[in-house]
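Visitor: My questions will all concern the structure given below.
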Amino acid sequence: MTRRTQRSGRFRTACTLITTLGTLAGAALLGAAPADGAAGTARGPAGRAAPSPIAPGVEYRYFDIPTARGTARAHILDVDLRDPRTSVGLLYPGKVAARAPVSALADGVGAVGGINGDFFNITETQHPGVEATGAPVGPAVANGRALKAAVPNGQRFGPAMPPGVTTEAVLGVGTDRRARLDDLALEGQIRTPGSSLPLGGLNQYALPVGSVGAFTDDWGSVSRTRAICGTDTSRGAPCSTDTHEVTVRGGRVVASSDTPGTGPIARGSTVLVGREEGAQQLRKLSTGDRVSVSHRLVAAASHVPFRFALGGFPVLRGGVPLPGLDNAASAVRTAAGISDDGRRLLLLSLDGSPEFRTGLTIAEVTDTLRDLGARDGFSLDGGGSSTLVSATSTLVARAPGADAVTVRNHPSGGAERPVPNGIGVFSRK
């Protein structure tokens, strides 16, 4: 039996789910027309959308999931990481605090497919006059390089996480080309001639109370004021009034200010932003003082460096759903599943058209990933329930021979929404 036959067999098995109230009512594939972006997808037996090749090791398909509330449609990119021509990586606009549609992110780097990624700082209604950064919640690694660390748990956006899960949770692929889940914690130091301070943040839209965070040219030009707002347990708490900022270039302090600044950060420079006790420590520095800043993201479990990683939260480990997954609020969601010992990655995005906008609960998405053969699952940003229209959930793929990707699902609201990052699928001949 070939590997492709085995995978097709697993998919057929995945499409038979037990009917229970409030969970999936079966994954028998229905005969509804595919999303506009999927036009031309081959139809299989029983009205199923047959897998459509995108590139070596990459297939696209969709299927319908009846639930007690209505029908949801799942769009899937099935990525075989065993194929040496196939890889995945971080899609992002080149800066942490920036956003662009998934299709633009994918086309900008020649990806053959992709989905949206982490939850992000989308609004600042609780802090009038403070600019929303658009920066993601969790850690991010691109091409083996740490871009940012996680904000405090109380500062995140998105649905409630399972008990014991933190904002440091990531999905990524290591230098061994295996996908895995892990946690990435920031380790860093700020050293001066007279002291050594722990680094509390890296290119984050929110810093822990009393800490000092570092901002590099990876951050972008967005104001750093949001970093001193809220607390470790309350995103909406007032902004701190005890702040200080210093700019370090060439290992020396070159500028300082009592308030966080805005504008691009010069390559090779680091801006240190402190709040409360952290601000008091930074005020001790004077122009010309020597300062060195070091930082790295440390994996809790993996001994293999990540080539790419992004935030979200785990929903499935070792084939077992995490406790406490929500099974009440349905929405148009995005998720990723890992199977075959990290050699296969399933990228899932639900359809947001009116016909399918009832979506799935997080528990139902988890069941879908498991029935598709995933042993581990990870929830990414999504939305678009019947009461909240958003357009985050997006899956794109480039047809063979095409010059650009097309959106294969219908984002809620009718158009893509700019996002800070995503998972890109790449293929080389």
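Convention: chains lettered A, B, ... in structure tokens order; per-chain residue numbering from 1; ligands numbered from 1 as shown.
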With a distance cut-off of 10 Å and only C-alpha atoms, select the neighbouring residues of A:Gly278, excluding the residue or stretch itself and same-chain residues fewer than 5 positions from it, and output the selection as an MDAnalysis selection string.
Guide: chainID A and resid 197:200 208:213 242:245 272:273 283
Visitor: I'd like to know which residues of stretch 79-132 of chain A are strand (DSSP E) (by DSSP, run on the backbone); could you write them as a list of chain:residue names?
Guide: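 The residues of stretch 79-132 of chain A classed as strand (DSSP E) are A:Val79, A:Asp80, A:Thr86, A:Ser87, A:Val88, A:Gly89, A:Leu90, A:Leu91, A:Gly113, A:Gly114, A:Ile115, A:Asn116.
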Visitor: Figure out the distance between atom CA of A:Arg275 and atom CA of A:Gly201, please, to one decimal in Å.
Guide: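 Result for atom CA of A:Gly201 versus atom CA of A:Arg275: 11.5 Å, one decimal.
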Visitor: Rank nothing, just name the residue among A:Arg428, A:Arg252, A:Lys95, A:Arg317 nearest to A:Leu369, using only C-alpha atoms.
Guide: A:Arg317
Visitor: From the set A:Ala98, A:Ala300, A:Arg249, A:Gly263, which residue has the shortest atom-to-atom contact distance to A:Thr287, counting only C-alpha atoms?
Guide: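 Checking each candidate against A:Thr287, we get A:Arg249 as the closest.
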Visitor: Write out as number ranges by chain all residues of stretch 100-193 of chain A that DSSP puts in helix (DSSP H, G or I) for this structure's backbone.
Guide: A: 102-108, 153-155
Visitor: Produce a file of the selected residues containing all heavy atoms, as a PDB file, in the first residue's frame.
Guide:
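Once written, part_24.pdb looks like this:
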ATOM      1  N   VAL A 102      -3.424  37.469   4.078  1.00  0.00           N
ATOM      2  CA  VAL A 102      -2.663  36.228   3.892  1.00  0.00           C
ATOM      3  C   VAL A 102      -2.243  36.056   2.436  1.00  0.00           C
ATOM      4  O   VAL A 102      -1.122  35.637   2.145  1.00  0.00           O
ATOM      5  CB  VAL A 102      -3.482  35.016   4.370  1.00  0.00           C
ATOM      6  CG1 VAL A 102      -2.747  33.711   4.072  1.00  0.00           C
ATOM      7  CG2 VAL A 102      -3.772  35.108   5.858  1.00  0.00           C
ATOM      8  N   SER A 103      -3.136  36.381   1.502  1.00  0.00           N
ATOM      9  CA  SER A 103      -2.791  36.222   0.087  1.00  0.00           C
ATOM     10  C   SER A 103      -1.587  37.083  -0.291  1.00  0.00           C
ATOM     11  O   SER A 103      -0.699  36.638  -1.033  1.00  0.00           O
ATOM     12  CB  SER A 103      -3.992  36.563  -0.794  1.00  0.00           C
ATOM     13  OG  SER A 103      -4.434  37.889  -0.563  1.00  0.00           O
ATOM     14  N   ALA A 104      -1.544  38.313   0.220  1.00  0.00           N
ATOM     15  CA  ALA A 104      -0.406  39.193  -0.077  1.00  0.00           C
ATOM     16  C   ALA A 104       0.864  38.678   0.581  1.00  0.00           C
ATOM     17  O   ALA A 104       1.957  38.718  -0.011  1.00  0.00           O
ATOM     18  CB  ALA A 104      -0.707  40.613   0.392  1.00  0.00           C
ATOM     19  N   LEU A 105       0.750  38.173   1.810  1.00  0.00           N
ATOM     20  CA  LEU A 105       1.924  37.618   2.487  1.00  0.00           C
ATOM     21  C   LEU A 105       2.465  36.418   1.726  1.00  0.00           C
ATOM     22  O   LEU A 105       3.683  36.263   1.567  1.00  0.00           O
ATOM     23  CB  LEU A 105       1.556  37.204   3.915  1.00  0.00           C
ATOM     24  CG  LEU A 105       1.159  38.326   4.877  1.00  0.00           C
ATOM     25  CD1 LEU A 105       0.757  37.737   6.224  1.00  0.00           C
ATOM     26  CD2 LEU A 105       2.303  39.324   5.055  1.00  0.00           C
ATOM     27  N   ALA A 106       1.562  35.546   1.257  1.00  0.00           N
ATOM     28  CA  ALA A 106       1.991  34.350   0.535  1.00  0.00           C
ATOM     29  C   ALA A 106       2.628  34.713  -0.798  1.00  0.00           C
ATOM     30  O   ALA A 106       3.717  34.220  -1.142  1.00  0.00           O
ATOM     31  CB  ALA A 106       0.802  33.418   0.334  1.00  0.00           C
ATOM     32  N   ASP A 107       1.981  35.577  -1.564  1.00  0.00           N
ATOM     33  CA  ASP A 107       2.515  35.944  -2.875  1.00  0.00           C
ATOM     34  C   ASP A 107       3.834  36.702  -2.750  1.00  0.00           C
ATOM     35  O   ASP A 107       4.711  36.593  -3.610  1.00  0.00           O
ATOM     36  CB  ASP A 107       1.503  36.796  -3.641  1.00  0.00           C
ATOM     37  CG  ASP A 107       0.345  35.973  -4.198  1.00  0.00           C
ATOM     38  OD1 ASP A 107       0.510  34.745  -4.368  1.00  0.00           O
ATOM     39  OD2 ASP A 107      -0.730  36.553  -4.449  1.00  0.00           O
ATOM     40  N   GLY A 108       3.981  37.460  -1.664  1.00  0.00           N
ATOM     41  CA  GLY A 108       5.197  38.251  -1.488  1.00  0.00           C
ATOM     42  C   GLY A 108       6.446  37.424  -1.325  1.00  0.00           C
ATOM     43  O   GLY A 108       7.559  37.907  -1.594  1.00  0.00           O
ATOM     44  N   ASN A 153       0.003  36.499  30.176  1.00  0.00           N
ATOM     45  CA  ASN A 153      -1.260  35.792  29.929  1.00  0.00           C
ATOM     46  C   ASN A 153      -2.474  36.710  29.969  1.00  0.00           C
ATOM     47  O   ASN A 153      -3.397  36.588  29.156  1.00  0.00           O
ATOM     48  CB  ASN A 153      -1.446  34.682  30.962  1.00  0.00           C
ATOM     49  CG  ASN A 153      -0.480  33.524  30.747  1.00  0.00           C
ATOM     50  OD1 ASN A 153       0.126  33.396  29.691  1.00  0.00           O
ATOM     51  ND2 ASN A 153      -0.329  32.696  31.761  1.00  0.00           N
ATOM     52  N   GLY A 154      -2.501  37.638  30.930  1.00  0.00           N
ATOM     53  CA  GLY A 154      -3.659  38.517  31.074  1.00  0.00           C
ATOM     54  C   GLY A 154      -3.789  39.569  29.998  1.00  0.00           C
ATOM     55  O   GLY A 154      -4.783  40.288  29.939  1.00  0.00           O
ATOM     56  N   GLN A 155      -2.782  39.669  29.114  1.00  0.00           N
ATOM     57  CA  GLN A 155      -2.789  40.691  28.065  1.00  0.00           C
ATOM     58  C   GLN A 155      -3.154  40.132  26.692  1.00  0.00           C
ATOM     59  O   GLN A 155      -3.155  40.860  25.708  1.00  0.00           O
ATOM     60  CB  GLN A 155      -1.395  41.328  27.984  1.00  0.00           C
ATOM     61  CG  GLN A 155      -1.023  42.149  29.187  1.00  0.00           C
ATOM     62  CD  GLN A 155      -1.378  43.617  29.013  1.00  0.00           C
ATOM     63  OE1 GLN A 155      -2.217  43.979  28.190  1.00  0.00           O
ATOM     64  NE2 GLN A 155      -0.749  44.471  29.776  1.00  0.00           N
TER      65      GLN A 155
END
Visitor: Applying 8 Å and only C-alpha atoms, which residues near stretch 189-194 of chain A remain after dropping the ones on its own chain fewer than 5 positions away? List them as a compact mmCIF listing (two decimals) with C-alpha atoms, in the first residue's frame.
Guide:
# COMPACT_ATOMS: atom_id res chain seq x y z
CA LEU A 199 14.97 41.20 30.14
CA ASP A 289 27.01 54.49 29.39
CA ARG A 290 27.88 51.02 28.20
CA VAL A 291 24.93 48.65 27.86
CA SER A 292 24.68 45.18 26.34
CA VAL A 293 21.44 43.35 25.64
CA SER A 294 21.17 39.61 25.00
CA HIS A 295 18.09 37.50 24.35
Visitor: Given the choices A:Val425, A:Leu322, A:Val332, A:Leu202, which gets closest to A:Val271 if the distance is worked out from only C-alpha atoms?
Guide: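 Smallest separation from A:Val271 among the options: A:Leu202.
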Visitor: Calculated over only C-alpha atoms, which of the candidates A:Val248, A:Leu207, A:Ala149, A:Ala135 has the smallest distance to A:Gly230?
Guide: A:Leu207
Visitor: Residues within 7 Å of A:Ala227, please, as a ChimeraX atom specification. Count only C-alpha atoms; anything in the same chain fewer than 6 positions from it doesn't count.
Guide: /A:204-207
Visitor: Please identify all polymer residues within 12 Å of A:Arg178, counting only C-alpha atoms, omitting same-chain residues fewer than 6 positions from it, and present them as a list in words.
Guide: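 Listing them by chain and then by number gives Val79, Asp80, Leu81, Arg82, Asp83, Pro84, Thr86, Ser87, Val88, Leu171, Gly172, Ser302, Val304, Pro305, Phe306, Arg307, Phe308, Ala309, Ile338, Ser339, Asp340, Asp341, Gly342, Arg343, Arg344 and Leu345 of chain A.
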Visitor: Those residues with C-alpha atoms, as an mmCIF file, in the first residue's frame please?
Guide:
data_model
loop_
_atom_site.group_PDB
_atom_site.id
_atom_site.type_symbol
_atom_site.label_atom_id
_atom_site.label_comp_id
_atom_site.auth_asym_id
_atom_site.auth_seq_id
_atom_site.Cartn_x
_atom_site.Cartn_y
_atom_site.Cartn_z
ATOM 1 C CA VAL A 79 1.378 19.065 3.759
ATOM 2 C CA ASP A 80 3.742 16.081 3.595
ATOM 3 C CA LEU A 81 7.009 17.206 5.186
ATOM 4 C CA ARG A 82 8.677 13.959 4.102
ATOM 5 C CA ASP A 83 8.927 15.413 0.622
ATOM 6 C CA PRO A 84 12.292 17.235 0.477
ATOM 7 C CA THR A 86 8.190 20.883 0.542
ATOM 8 C CA SER A 87 8.593 23.135 3.577
ATOM 9 C CA VAL A 88 6.633 25.489 5.809
ATOM 10 C CA LEU A 171 3.438 25.391 16.888
ATOM 11 C CA GLY A 172 6.499 25.151 14.725
ATOM 12 C CA SER A 302 12.328 20.244 22.210
ATOM 13 C CA VAL A 304 15.832 20.672 18.175
ATOM 14 C CA PRO A 305 15.964 24.373 17.223
ATOM 15 C CA PHE A 306 12.867 25.791 15.556
ATOM 16 C CA ARG A 307 13.174 27.010 11.989
ATOM 17 C CA PHE A 308 9.741 28.555 12.309
ATOM 18 C CA ALA A 309 7.224 28.969 15.129
ATOM 19 C CA ILE A 338 0.215 17.322 13.327
ATOM 20 C CA SER A 339 0.384 13.627 12.469
ATOM 21 C CA ASP A 340 2.824 10.929 11.353
ATOM 22 C CA ASP A 341 5.330 11.822 14.076
ATOM 23 C CA GLY A 342 5.568 15.412 12.874
ATOM 24 C CA ARG A 343 5.971 14.551 9.212
ATOM 25 C CA ARG A 344 2.493 15.649 8.175
ATOM 26 C CA LEU A 345 0.887 19.036 8.813
#
Visitor: Quick one: of A:Ser379, A:Thr361, A:Ser353, A:Thr133, who's nearest to A:Gly413, counting only C-alpha atoms?
Guide: A:Ser353
Visitor: Between A:Gly288, A:Pro411, A:Gly117, A:Pro238, which is the closest to A:Leu90 once you count only C-alpha atoms?
Guide: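 Looking only at the distances to A:Leu90, the closest residue turns out to be A:Gly117.
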Visitor: Which distance in Å separates atom CA of A:His127 and atom CA of A:Ala415, to one decimal?
Guide: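 Atom-to-atom, atom CA of A:His127 and atom CA of A:Ala415 are spaced 27.9 Å apart.
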Visitor: Neighbours of A:Leu310 within 9 Å (only C-alpha atoms; same-chain residues fewer than 6 positions away dropped), as a PyMOL selection string?
Guide: chain A and resi 90+117-118+136+138-142+169-172+421-423
Visitor: Using only C-alpha atoms, which protein or nucleic acid residues come within 10 Å of A:Thr123? Drop anything in the same chain fewer than 5 positions from it, and give the result as a list in words.
Guide: Val130, Glu131, Ala132, Thr133, Gly134 and Phe157 of chain A
